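model-v7.txt (compact mmCIF, C-alpha atoms (C1' of nucleotides))
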```txt
# COMPACT_ATOMS: atom_id res chain seq x y z
CA MET A 28 -76.65 17.48 1.28
CA LYS A 29 -77.46 13.88 1.90
CA LYS A 30 -74.27 11.89 1.98
CA GLU A 31 -74.79 8.61 0.14
CA ARG A 32 -72.52 5.86 1.37
CA ILE A 33 -70.91 3.78 -1.29
CA PHE A 34 -70.76 0.07 -0.66
CA HIS A 35 -68.77 -2.50 -2.52
CA THR A 36 -70.22 -5.64 -1.05
CA ALA A 37 -73.54 -7.30 -1.69
CA ARG A 38 -73.92 -7.64 2.09
CA GLY A 39 -73.62 -3.92 2.50
CA TYR A 40 -76.62 -3.35 0.33
CA GLN A 41 -78.56 -6.11 1.95
CA MET A 42 -78.06 -4.42 5.32
CA LEU A 43 -79.20 -1.10 3.90
CA ASN A 44 -82.17 -2.82 2.40
CA SER A 45 -83.20 -4.56 5.54
CA GLU A 46 -84.09 -1.15 6.92
CA ASN A 47 -86.63 -0.62 4.17
CA LYS A 48 -87.38 -4.14 3.18
CA LEU A 49 -89.87 -6.23 5.03
CA LEU A 50 -88.44 -9.60 4.13
CA THR A 51 -85.12 -11.39 3.90
CA PRO A 52 -84.34 -13.19 0.62
CA SER A 53 -85.34 -16.51 2.11
CA MET A 54 -88.61 -15.16 3.43
CA GLU A 55 -89.32 -13.80 -0.03
CA ASP A 56 -88.90 -17.27 -1.48
CA TYR A 57 -91.25 -18.76 1.07
CA LEU A 58 -93.93 -16.14 0.57
CA GLU A 59 -93.69 -16.40 -3.20
CA MET A 60 -94.25 -20.14 -3.02
CA ILE A 61 -97.10 -19.82 -0.52
CA TYR A 62 -98.73 -17.38 -2.90
CA ARG A 63 -98.23 -19.66 -5.90
CA VAL A 64 -99.91 -22.60 -4.20
CA CYS A 65 -102.63 -20.63 -2.39
CA LEU A 66 -103.75 -19.17 -5.70
CA GLU A 67 -104.97 -22.63 -6.63
CA GLU A 68 -105.45 -24.50 -3.38
CA GLY A 69 -106.32 -21.69 -1.00
CA TYR A 70 -103.91 -22.95 1.65
CA ILE A 71 -100.70 -24.94 2.11
CA ARG A 72 -99.26 -27.23 4.77
CA VAL A 73 -95.78 -27.02 6.30
CA ASN A 74 -95.05 -30.36 4.77
CA GLN A 75 -95.94 -29.36 1.24
CA LEU A 76 -94.12 -26.08 1.48
CA ALA A 77 -90.97 -27.88 2.60
CA ALA A 78 -91.21 -30.26 -0.35
CA ARG A 79 -91.74 -27.47 -2.86
CA LEU A 80 -88.87 -25.40 -1.55
CA ASN A 81 -86.57 -28.37 -1.12
CA VAL A 82 -85.99 -27.67 2.54
CA ARG A 83 -86.87 -29.61 5.70
CA PRO A 84 -90.07 -29.00 7.68
CA PRO A 85 -88.33 -27.44 10.72
CA SER A 86 -86.97 -24.70 8.50
CA VAL A 87 -90.49 -23.98 7.29
CA THR A 88 -91.94 -23.78 10.79
CA LYS A 89 -89.45 -21.11 11.71
CA VAL A 90 -90.03 -18.94 8.68
CA VAL A 91 -93.81 -19.29 8.79
CA LYS A 92 -93.75 -18.04 12.37
CA LYS A 93 -91.87 -14.97 11.27
CA LEU A 94 -94.27 -14.36 8.41
CA LYS A 95 -97.11 -14.63 10.89
CA ASN A 96 -95.51 -12.07 13.17
CA LEU A 97 -95.31 -9.73 10.19
CA GLY A 98 -99.00 -10.21 9.56
CA LEU A 99 -98.50 -11.83 6.17
CA VAL A 100 -99.96 -15.26 6.89
CA GLU A 101 -102.55 -16.80 9.16
CA TYR A 102 -101.38 -19.90 10.92
CA GLU A 103 -101.82 -21.82 14.16
CA LYS A 104 -99.61 -24.58 15.48
CA TYR A 105 -100.10 -27.86 13.63
CA GLY A 106 -102.44 -26.03 11.33
CA VAL A 107 -102.61 -24.80 7.80
CA VAL A 108 -100.95 -21.75 6.24
CA LYS A 109 -103.09 -19.10 4.55
CA LEU A 110 -102.32 -15.64 3.28
CA THR A 111 -103.65 -12.44 4.79
CA GLU A 112 -104.67 -9.60 2.47
CA GLU A 113 -101.28 -7.99 2.94
CA GLY A 114 -99.58 -11.31 2.29
CA LYS A 115 -101.52 -11.71 -0.93
CA GLU A 116 -100.46 -8.33 -2.18
CA LEU A 117 -96.80 -8.89 -1.42
CA GLY A 118 -96.95 -12.41 -2.81
CA GLN A 119 -98.40 -11.12 -6.03
CA PHE A 120 -95.59 -8.61 -6.36
CA LEU A 121 -92.99 -11.32 -5.77
CA LEU A 122 -94.49 -13.63 -8.36
CA ARG A 123 -94.66 -10.80 -10.89
CA ARG A 124 -91.07 -9.91 -10.22
CA HIS A 125 -90.10 -13.50 -10.80
CA GLY A 126 -92.01 -13.48 -14.06
CA ILE A 127 -90.34 -10.33 -15.33
CA ILE A 128 -86.84 -11.64 -14.72
CA GLU A 129 -87.69 -15.01 -16.17
CA GLU A 130 -89.20 -13.48 -19.28
CA PHE A 131 -86.14 -11.35 -19.86
CA LEU A 132 -83.74 -14.26 -19.48
CA LYS A 133 -85.87 -16.31 -21.84
CA LYS A 134 -85.68 -13.57 -24.42
CA LEU A 135 -81.92 -13.63 -24.01
CA GLY A 136 -82.01 -17.29 -24.96
CA ILE A 137 -81.21 -18.69 -21.51
CA GLU A 138 -82.55 -22.21 -21.16
CA LYS A 139 -80.53 -24.56 -19.01
CA THR A 140 -79.94 -22.16 -16.14
CA LEU A 141 -83.23 -20.27 -16.47
CA LEU A 142 -84.81 -21.23 -13.16
CA ARG A 143 -81.57 -21.02 -11.28
CA ASP A 144 -80.68 -17.56 -12.56
CA THR A 145 -84.19 -16.25 -12.05
CA GLU A 146 -84.26 -17.45 -8.46
CA MET A 147 -80.91 -15.93 -7.75
CA ILE A 148 -81.38 -12.60 -9.45
CA GLU A 149 -84.92 -11.81 -8.39
CA HIS A 150 -83.93 -10.98 -4.84
CA ASP A 151 -81.27 -8.59 -5.99
CA VAL A 152 -82.82 -6.24 -8.48
CA SER A 153 -84.05 -2.92 -7.22
CA ILE A 154 -87.55 -1.87 -8.18
CA ASN A 155 -85.88 0.67 -10.41
CA THR A 156 -84.04 -1.94 -12.44
CA LEU A 157 -87.01 -4.28 -12.35
CA LYS A 158 -89.08 -1.60 -14.06
CA SER A 159 -86.44 -1.05 -16.70
CA ILE A 160 -86.27 -4.74 -17.46
CA HIS A 161 -90.04 -4.90 -17.61
CA ILE A 162 -90.03 -2.06 -20.12
CA LEU A 163 -87.29 -3.77 -22.10
CA ASN A 164 -89.48 -6.88 -22.25
CA LYS A 165 -92.39 -4.82 -23.58
CA PHE A 166 -90.11 -3.11 -26.05
CA LEU A 167 -88.85 -6.43 -27.36
CA ASP A 168 -92.41 -7.71 -27.67
CA GLU A 169 -93.24 -4.78 -29.92
CA ASN A 170 -90.03 -5.15 -31.90
CA PRO A 171 -89.57 -8.84 -32.59
CA ASP A 172 -87.01 -8.09 -35.30
CA VAL A 173 -84.56 -6.95 -32.60
CA ILE A 174 -84.61 -10.31 -30.87
CA LYS A 175 -84.23 -12.05 -34.20
CA LYS A 176 -81.18 -9.98 -35.02
CA TYR A 177 -79.74 -10.60 -31.55
CA LYS A 178 -80.15 -14.36 -31.87
CA LYS A 179 -78.42 -14.32 -35.23
CA PHE A 180 -75.65 -12.22 -33.75
CA LYS A 181 -75.32 -14.69 -30.88
CA GLU A 182 -75.00 -17.64 -33.25
CA LYS A 183 -72.31 -15.89 -35.26
CA PHE A 184 -70.52 -14.98 -32.05
CA ARG A 185 -70.48 -18.58 -30.92
CA LYS A 186 -69.10 -19.86 -34.20
CA ASP A 187 -66.39 -17.22 -34.29
CA ILE A 188 -64.99 -18.52 -31.00
CA MET B 29 -80.78 -40.53 -16.58
CA LYS B 30 -79.36 -37.81 -14.45
CA LYS B 31 -82.04 -36.54 -12.11
CA GLU B 32 -81.79 -32.79 -11.85
CA ARG B 33 -83.18 -31.47 -8.59
CA ILE B 34 -85.32 -28.41 -8.89
CA PHE B 35 -84.83 -25.76 -6.27
CA HIS B 36 -87.05 -22.83 -5.57
CA THR B 37 -84.85 -20.91 -3.21
CA ALA B 38 -81.79 -18.82 -3.88
CA ARG B 39 -80.14 -20.65 -0.98
CA GLY B 40 -80.67 -23.94 -2.69
CA TYR B 41 -78.67 -22.83 -5.65
CA GLN B 42 -75.99 -21.32 -3.53
CA MET B 43 -75.53 -24.66 -1.80
CA LEU B 44 -75.31 -26.43 -5.13
CA ASN B 45 -72.83 -23.87 -6.28
CA SER B 46 -70.63 -24.15 -3.27
CA GLU B 47 -69.69 -27.59 -4.49
CA ASN B 48 -68.28 -26.17 -7.69
CA LYS B 49 -67.53 -22.65 -6.66
CA LEU B 50 -64.33 -21.71 -4.94
CA LEU B 51 -65.61 -18.60 -3.20
CA THR B 52 -68.61 -17.39 -1.22
CA PRO B 53 -70.24 -14.14 -2.37
CA SER B 54 -68.46 -12.18 0.30
CA MET B 55 -65.09 -13.67 -0.59
CA GLU B 56 -65.75 -12.70 -4.18
CA ASP B 57 -66.27 -9.10 -3.15
CA TYR B 58 -63.05 -9.06 -1.19
CA LEU B 59 -61.01 -10.62 -3.97
CA GLU B 60 -62.48 -8.29 -6.55
CA MET B 61 -61.50 -5.28 -4.48
CA ILE B 62 -58.03 -6.63 -3.74
CA TYR B 63 -57.58 -7.09 -7.47
CA ARG B 64 -58.81 -3.57 -8.25
CA VAL B 65 -56.35 -1.96 -5.87
CA CYS B 66 -53.42 -4.28 -6.54
CA LEU B 67 -53.63 -3.46 -10.24
CA GLU B 68 -52.46 0.04 -9.38
CA GLU B 69 -50.70 -0.23 -6.04
CA GLY B 70 -49.38 -3.77 -6.14
CA TYR B 71 -50.62 -4.52 -2.63
CA ILE B 72 -53.23 -3.52 -0.06
CA ARG B 73 -53.45 -3.32 3.73
CA VAL B 74 -56.21 -4.77 5.92
CA ASN B 75 -57.06 -1.26 6.92
CA GLN B 76 -57.53 0.01 3.39
CA LEU B 77 -59.49 -3.02 2.33
CA ALA B 78 -61.87 -2.54 5.24
CA ALA B 79 -62.40 1.10 4.32
CA ARG B 80 -63.05 0.32 0.66
CA LEU B 81 -65.50 -2.46 1.44
CA ASN B 82 -67.19 -0.55 4.21
CA VAL B 83 -66.58 -3.27 6.76
CA ARG B 84 -64.50 -3.38 9.95
CA PRO B 85 -60.90 -4.61 10.01
CA PRO B 86 -61.64 -7.80 11.98
CA SER B 87 -63.94 -8.95 9.22
CA VAL B 88 -61.14 -8.44 6.72
CA THR B 89 -58.60 -10.40 8.73
CA LYS B 90 -60.90 -13.40 8.73
CA VAL B 91 -61.61 -13.38 5.02
CA VAL B 92 -58.00 -12.72 4.04
CA LYS B 93 -56.95 -15.77 6.02
CA LYS B 94 -59.43 -17.87 4.08
CA LEU B 95 -58.21 -16.48 0.78
CA LYS B 96 -54.67 -17.32 1.83
CA ASN B 97 -55.65 -20.91 2.62
CA LEU B 98 -57.09 -21.14 -0.87
CA GLY B 99 -53.80 -19.96 -2.32
CA LEU B 100 -55.28 -16.77 -3.76
CA VAL B 101 -53.30 -14.20 -1.76
CA GLU B 102 -49.95 -13.92 -0.04
CA TYR B 103 -50.12 -12.52 3.45
CA GLU B 104 -48.41 -12.75 6.82
CA LYS B 105 -49.77 -11.50 10.14
CA TYR B 106 -49.62 -7.73 10.45
CA GLY B 107 -48.37 -7.65 6.90
CA VAL B 108 -49.54 -6.62 3.47
CA VAL B 109 -51.93 -8.44 1.13
CA LYS B 110 -50.79 -9.38 -2.37
CA LEU B 111 -52.29 -11.59 -5.05
CA THR B 112 -50.86 -14.90 -6.20
CA GLU B 113 -50.99 -15.78 -9.89
CA GLU B 114 -54.16 -17.75 -9.30
CA GLY B 115 -55.64 -14.87 -7.34
CA LYS B 116 -54.88 -12.48 -10.18
CA GLU B 117 -56.65 -14.67 -12.68
CA LEU B 118 -59.76 -15.07 -10.55
CA GLY B 119 -59.72 -11.39 -9.64
CA GLN B 120 -59.58 -10.44 -13.28
CA PHE B 121 -62.58 -12.63 -14.00
CA LEU B 122 -64.53 -11.06 -11.15
CA LEU B 123 -63.76 -7.54 -12.29
CA ARG B 124 -64.75 -8.38 -15.85
CA ARG B 125 -67.98 -9.92 -14.64
CA HIS B 126 -68.73 -6.77 -12.70
CA GLY B 127 -68.02 -4.72 -15.80
CA ILE B 128 -70.36 -6.76 -17.98
CA ILE B 129 -73.29 -6.42 -15.61
CA GLU B 130 -72.61 -2.76 -15.05
CA GLU B 131 -72.41 -2.05 -18.77
CA PHE B 132 -75.70 -3.81 -19.40
CA LEU B 133 -77.50 -1.92 -16.65
CA LYS B 134 -76.08 1.33 -17.96
CA LYS B 135 -77.42 0.55 -21.39
CA LEU B 136 -80.80 -0.05 -19.80
CA GLY B 137 -80.61 3.46 -18.45
CA ILE B 138 -80.07 2.57 -14.79
CA GLU B 139 -78.31 5.39 -12.96
CA LYS B 140 -79.24 5.80 -9.33
CA THR B 141 -79.09 2.17 -8.37
CA LEU B 142 -76.33 1.18 -10.80
CA LEU B 143 -73.61 0.25 -8.31
CA ARG B 144 -76.06 -1.34 -5.91
CA ASP B 145 -77.67 -3.54 -8.52
CA THR B 146 -74.37 -4.50 -10.07
CA GLU B 147 -72.96 -5.55 -6.71
CA MET B 148 -76.01 -7.61 -5.94
CA ILE B 149 -76.47 -9.29 -9.28
CA GLU B 150 -72.87 -10.11 -10.12
CA HIS B 151 -72.64 -12.93 -7.58
CA ASP B 152 -75.71 -14.60 -8.87
CA VAL B 153 -75.51 -14.83 -12.61
CA SER B 154 -74.32 -18.11 -14.04
CA ILE B 155 -71.48 -18.04 -16.53
CA ASN B 156 -74.08 -19.01 -19.08
CA THR B 157 -76.19 -15.93 -18.49
CA LEU B 158 -73.12 -13.75 -18.09
CA LYS B 159 -72.04 -14.72 -21.59
CA SER B 160 -75.47 -13.95 -23.00
CA ILE B 161 -75.48 -10.54 -21.39
CA HIS B 162 -71.99 -9.92 -22.69
CA ILE B 163 -73.14 -10.79 -26.20
CA LEU B 164 -76.18 -8.56 -25.78
CA ASN B 165 -73.85 -5.72 -24.86
CA LYS B 166 -71.79 -6.33 -28.00
CA PHE B 167 -74.93 -6.55 -30.08
CA LEU B 168 -76.18 -3.23 -28.74
CA ASP B 169 -72.81 -1.64 -29.42
CA GLU B 170 -73.11 -2.62 -33.05
CA ASN B 171 -76.74 -1.56 -33.25
CA PRO B 172 -77.01 1.79 -31.51
CA ASP B 173 -80.39 2.43 -33.10
CA VAL B 174 -81.90 -0.31 -30.94
CA ILE B 175 -80.90 1.45 -27.73
CA LYS B 176 -82.18 4.73 -29.11
CA LYS B 177 -85.54 3.17 -29.88
CA TYR B 178 -85.66 1.54 -26.45
CA LYS B 179 -84.97 4.83 -24.68
CA LYS B 180 -87.71 6.53 -26.64
CA PHE B 181 -90.05 3.67 -25.80
CA LYS B 182 -89.13 4.01 -22.14
CA GLU B 183 -89.88 7.72 -22.13
CA LYS B 184 -93.27 7.16 -23.73
CA PHE B 185 -93.98 4.39 -21.23
CA ARG B 186 -93.24 6.66 -18.31
CA LYS B 187 -95.49 9.42 -19.57
CA ASP B 188 -98.33 7.01 -20.23
CA ILE B 189 -98.40 6.03 -16.56
C1' DA C 16 -110.49 -46.72 21.98
C1' DA C 17 -105.60 -48.25 21.37
C1' DA C 18 -102.01 -48.59 18.02
C1' DC C 19 -99.89 -46.96 14.08
C1' DT C 20 -98.74 -43.46 10.62
C1' DT C 21 -98.25 -38.96 9.17
C1' DT C 22 -97.29 -34.38 10.13
C1' DA C 23 -95.28 -30.63 12.83
C1' DT C 24 -92.52 -28.63 16.49
C1' DT C 25 -88.60 -27.96 19.66
C1' DA C 26 -83.93 -28.11 20.81
C1' DG C 27 -79.54 -27.92 19.54
C1' DT C 28 -75.69 -27.67 15.71
C1' DT C 29 -73.33 -25.78 11.59
C1' DG C 30 -71.56 -22.18 8.41
C1' DT C 31 -71.51 -17.43 6.55
C1' DA C 32 -70.73 -12.81 7.56
C1' DG C 33 -70.89 -9.13 9.99
C1' DC C 34 -70.02 -6.49 14.64
C1' DT C 35 -67.64 -4.59 19.31
C1' DA C 36 -64.20 -4.59 22.93
C1' DA C 37 -59.85 -5.77 24.35
C1' DT C 38 -55.17 -6.91 23.21
C1' DA C 39 -50.99 -7.11 20.54
C1' DA C 40 -47.67 -5.64 17.05
C1' DT C 41 -45.71 -2.10 14.25
C1' DT C 42 -44.50 2.48 13.11
C1' DA C 43 -43.67 7.36 14.15
C1' DA C 44 -42.44 11.27 17.47
C1' DG C 45 -40.43 13.41 21.10
C1' DC D 9 -35.15 4.64 23.37
C1' DT D 10 -39.33 5.17 25.38
C1' DT D 11 -43.93 6.96 24.65
C1' DA D 12 -47.79 7.67 21.67
C1' DA D 13 -50.43 6.66 17.58
C1' DT D 14 -51.67 3.64 14.10
C1' DT D 15 -52.78 -0.73 12.50
C1' DA D 16 -54.09 -5.59 13.02
C1' DT D 17 -55.61 -9.61 15.59
C1' DT D 18 -58.21 -12.37 18.86
C1' DA D 19 -62.19 -13.51 21.37
C1' DG D 20 -66.77 -13.51 21.78
C1' DC D 21 -71.52 -11.93 20.21
C1' DT D 22 -75.60 -11.50 16.77
C1' DA D 23 -78.58 -12.69 12.84
C1' DC D 24 -79.84 -15.55 8.89
C1' DA D 25 -80.78 -19.93 7.16
C1' DA D 26 -80.19 -24.33 6.74
C1' DC D 27 -79.72 -29.14 9.07
C1' DT D 28 -80.57 -33.62 12.33
C1' DA D 29 -82.57 -36.01 16.23
C1' DA D 30 -86.05 -36.30 19.43
C1' DT D 31 -90.71 -35.27 20.82
C1' DA D 32 -95.49 -34.01 20.39
C1' DA D 33 -99.90 -33.56 18.09
C1' DA D 34 -103.27 -35.03 14.67
C1' DG D 35 -105.34 -38.27 11.75
C1' DT D 36 -106.23 -43.31 10.37
C1' DT D 37 -106.94 -48.19 11.02
C1' DT D 38 -108.47 -52.04 12.87
```

Could you write out this structure as structure tokens?
Amino acid sequence: MKKERIFHTARGYQMLNSENKLLTPSMEDYLEMIYRVCLEEGYIRVNQLAARLNVRPPSVTKVVKKLKNLGLVEYEKYGVVKLTEEGKELGQFLLRRHGIIEEFLKKLGIEKTLLRDTEMIEHDVSINTLKSIHILNKFLDENPDVIKKYKKFKEKFRKDI
Amino acid sequence: MKKERIFHTARGYQMLNSENKLLTPSMEDYLEMIYRVCLEEGYIRVNQLAARLNVRPPSVTKVVKKLKNLGLVEYEKYGVVKLTEEGKELGQFLLRRHGIIEEFLKKLGIEKTLLRDTEMIEHDVSINTLKSIHILNKFLDENPDVIKKYKKFKEKFRKDI
DNA sequence: AAACTTTATTAGTTGTAGCTAATAATTAAG
DNA sequence: CTTAATTATTAGCTACAACTAATAAAGTTT
């Protein structure tokens, strides 16, 4: 009888997760961006990464070192950042995850806060829920009438208030 | 021409938010729980709050002090925690938000990770997206056939893999 | 090759959010 | 009414994740 602890704080789950999870939310963001850029350029510099993530270079140095220790990137001091095979795999997963959440929110009609909400939510969904949302996306692709009906419903809802 | 900065980290958005937002994610969890319990009991003790949130009492003392400074709870040293009018309003919002996310995930068929995912996601959705999800919930209530079709689709999907 | 510019790192600070260990206040029992 | 048990607080520590200021390395110019 495995006793499952029940948590009521986001932190609680993050702690639990950190036992299984390789990366902290921030490290996930960094790796996702490294993957994005390396897909096209093959490598990225500390400088560039900082600009893309809207953080300062010293913050990047720190995180890149950690990613190196985890065997996810190759990197030497004052050098360039590249992904290892493992880093590529994880990066690909992270980018896909991002895409699934983004697609779902788009289908919901989110526009203004799309990037913001995607960035925030992606770190939080379990693989379980991610799969369900992915399936929902596929379902909605095959049943475009549902989305149409939903959008109409949404419009009506807005006018009624 | 208002220049909107684009962030690619969850942190980035949290920082932005903290300018508008009253509470940090952790404070939101605490207030939500205080509200839950106060609805029935009228008050809560540091001890109880710690137990319910799965944290230690010293952590509670700290947060409760902050909530007091914000005028959300009444509380004196070694005393009992109660909500102010403002605290009640915010607490109600937080509990509703929780409910909306939870309901949506339930409709998606999430079971095992329901509480976990709800706890994690609730702090991160914008009001914008929250509203859309709320409307989606209402839409699905009025169109139960859609959920039925989705569940069937999901089953098929699982078998195909 | 020396001087300047760009890029990156180190050191040290801040804020959030938890923890333990030790202490203090309150409440309950003998 | 004093002791014991419960409950709460303070002080000090850890980790994450950002920041600035100062320094060091690398790359360009002239």

Between chain C and chain A, at 10 Å or less, what are the per-residue closest atom pairs and their distances in Å? Count all atoms listed in the file, order by chain and rising residue number, and return it as a Markdown table.
```
| residue | atom | partner | partner_atom | distance |
| --- | --- | --- | --- | --- |
| C:DT22 | C1' | A:Asn74 | CA | 7.1 |
| C:DA23 | C1' | A:Tyr105 | CA | 5.6 |
| C:DT24 | C1' | A:Pro85 | CA | 7.2 |
| C:DT25 | C1' | A:Pro85 | CA | 9.0 |
| C:DA32 | C1' | A:Arg38 | CA | 8.2 |
| C:DG33 | C1' | A:Arg38 | CA | 8.6 |
```

How close does chain A get to chain D? List, as a Markdown table, each residue of chain A within 9 Å, its nearest atom pair and the distance in Å to one decimal, counting all atoms listed in the file.
```
| residue | atom | partner | partner_atom | distance |
| --- | --- | --- | --- | --- |
| A:Thr51 | CA | D:DC24 | C1' | 8.4 |
| A:Ser53 | CA | D:DA25 | C1' | 7.6 |
| A:Val82 | CA | D:DA26 | C1' | 7.9 |
| A:Arg83 | CA | D:DC27 | C1' | 7.9 |
| A:Pro85 | CA | D:DC27 | C1' | 8.9 |
| A:Ser86 | CA | D:DA26 | C1' | 7.0 |
| A:Tyr105 | CA | D:DA33 | C1' | 7.2 |
```

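Nearest residue to Thr141 in chain B among A:Ile128, A:Ile154, A:Leu99, A:Leu121 is A:Ile154, counting all atoms listed in the file.
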
Could you produce a table of the residues of chain A lying within 7 Å of chain B, with the nearest pair of atoms per residue and their separation in Å rounded to one decimal, using all atoms listed in the file, ordered by chain and increasing residue number, as CSV?
```
residue,atom,partner,partner_atom,distance
A:Phe34,CA,B:Asn82,CA,6.1
A:His35,CA,B:Leu81,CA,5.1
A:Thr36,CA,B:Asp57,CA,5.7
A:Ala37,CA,B:Met148,CA,4.9
A:Tyr40,CA,B:Arg144,CA,6.6
A:Ser53,CA,B:Thr37,CA,6.9
A:Asp56,CA,B:Thr37,CA,5.7
A:Leu80,CA,B:His36,CA,5.1
A:Asn81,CA,B:Phe35,CA,6.0
A:Leu135,CA,B:Ser160,CA,6.5
A:Ile137,CA,B:Thr157,CA,6.5
A:Arg143,CA,B:Tyr41,CA,6.6
A:Asp144,CA,B:Val153,CA,5.8
A:Glu146,CA,B:Ala38,CA,5.4
A:Met147,CA,B:Ala38,CA,4.9
A:Ile148,CA,B:Ile149,CA,5.9
A:Asp151,CA,B:Met148,CA,5.4
A:Val152,CA,B:Asp145,CA,5.8
A:Ser153,CA,B:Asp145,CA,6.5
A:Thr156,CA,B:Ile138,CA,6.5
A:Ser159,CA,B:Leu136,CA,6.5
A:Ile162,CA,B:Lys182,CA,6.5
A:Phe166,CA,B:Tyr178,CA,6.4
A:Tyr177,CA,B:Phe167,CA,6.5
A:Phe180,CA,B:Phe167,CA,6.8
A:Lys181,CA,B:Ile163,CA,6.5
```

For Glu102 in chain B, please output as an MDAnalysis selection string all residues within 7 Å (counting only C-alpha atoms (C1' of nucleotides); exclusion window: fewer than 4 positions along the same chain). chainID B and resid 96 109:112

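Between CA of Leu118 in chain B and CA of Lys134 in chain A the interatomic distance comes to 29.4 Å.
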
Interatomic distance (Å, one decimal) between CA of His162 in chain B and CA of Lys176 in chain B: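 Distance between the two atoms: 19.0 Å.
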
What does the structure give for the distance between CA of Lys94 in chain B and CA of Ile128 in chain B, in Å to one decimal?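 Between CA of Lys94 in chain B and CA of Ile128 in chain B the gap is 27.0 Å.
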
Could you add the missing atoms to range 155-166 of chain A, up to N, CA and C atoms, and return them as a JSON list (two decimals), in the frame of the given file?
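For reference, part_19.json as written:
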```json
[["chain", "number", "residue", "atom", "x", "y", "z"],
["A", 155, "ASN", "N", -86.35, -0.15, -9.30],
["A", 155, "ASN", "CA", -85.88, 0.67, -10.41],
["A", 155, "ASN", "C", -85.46, -0.18, -11.61],
["A", 156, "THR", "N", -84.53, -1.08, -11.37],
["A", 156, "THR", "CA", -84.04, -1.94, -12.44],
["A", 156, "THR", "C", -85.12, -2.90, -12.92],
["A", 157, "LEU", "N", -85.92, -3.38, -11.98],
["A", 157, "LEU", "CA", -87.01, -4.28, -12.35],
["A", 157, "LEU", "C", -87.92, -3.61, -13.38],
["A", 158, "LYS", "N", -88.24, -2.35, -13.13],
["A", 158, "LYS", "CA", -89.08, -1.60, -14.06],
["A", 158, "LYS", "C", -88.43, -1.50, -15.42],
["A", 159, "SER", "N", -87.15, -1.19, -15.42],
["A", 159, "SER", "CA", -86.44, -1.05, -16.70],
["A", 159, "SER", "C", -86.46, -2.36, -17.48],
["A", 160, "ILE", "N", -86.27, -3.45, -16.79],
["A", 160, "ILE", "CA", -86.27, -4.74, -17.46],
["A", 160, "ILE", "C", -87.66, -5.05, -17.98],
["A", 161, "HIS", "N", -88.65, -4.71, -17.18],
["A", 161, "HIS", "CA", -90.04, -4.90, -17.61],
["A", 161, "HIS", "C", -90.30, -4.12, -18.90],
["A", 162, "ILE", "N", -89.84, -2.89, -18.93],
["A", 162, "ILE", "CA", -90.03, -2.06, -20.12],
["A", 162, "ILE", "C", -89.27, -2.64, -21.31],
["A", 163, "LEU", "N", -88.06, -3.13, -21.03],
["A", 163, "LEU", "CA", -87.29, -3.77, -22.10],
["A", 163, "LEU", "C", -88.06, -4.96, -22.67],
["A", 164, "ASN", "N", -88.66, -5.74, -21.79],
["A", 164, "ASN", "CA", -89.48, -6.88, -22.25],
["A", 164, "ASN", "C", -90.59, -6.40, -23.20],
["A", 165, "LYS", "N", -91.29, -5.37, -22.77],
["A", 165, "LYS", "CA", -92.39, -4.82, -23.58],
["A", 165, "LYS", "C", -91.85, -4.33, -24.92],
["A", 166, "PHE", "N", -90.74, -3.64, -24.84],
["A", 166, "PHE", "CA", -90.11, -3.11, -26.05],
["A", 166, "PHE", "C", -89.79, -4.23, -27.03]]
```
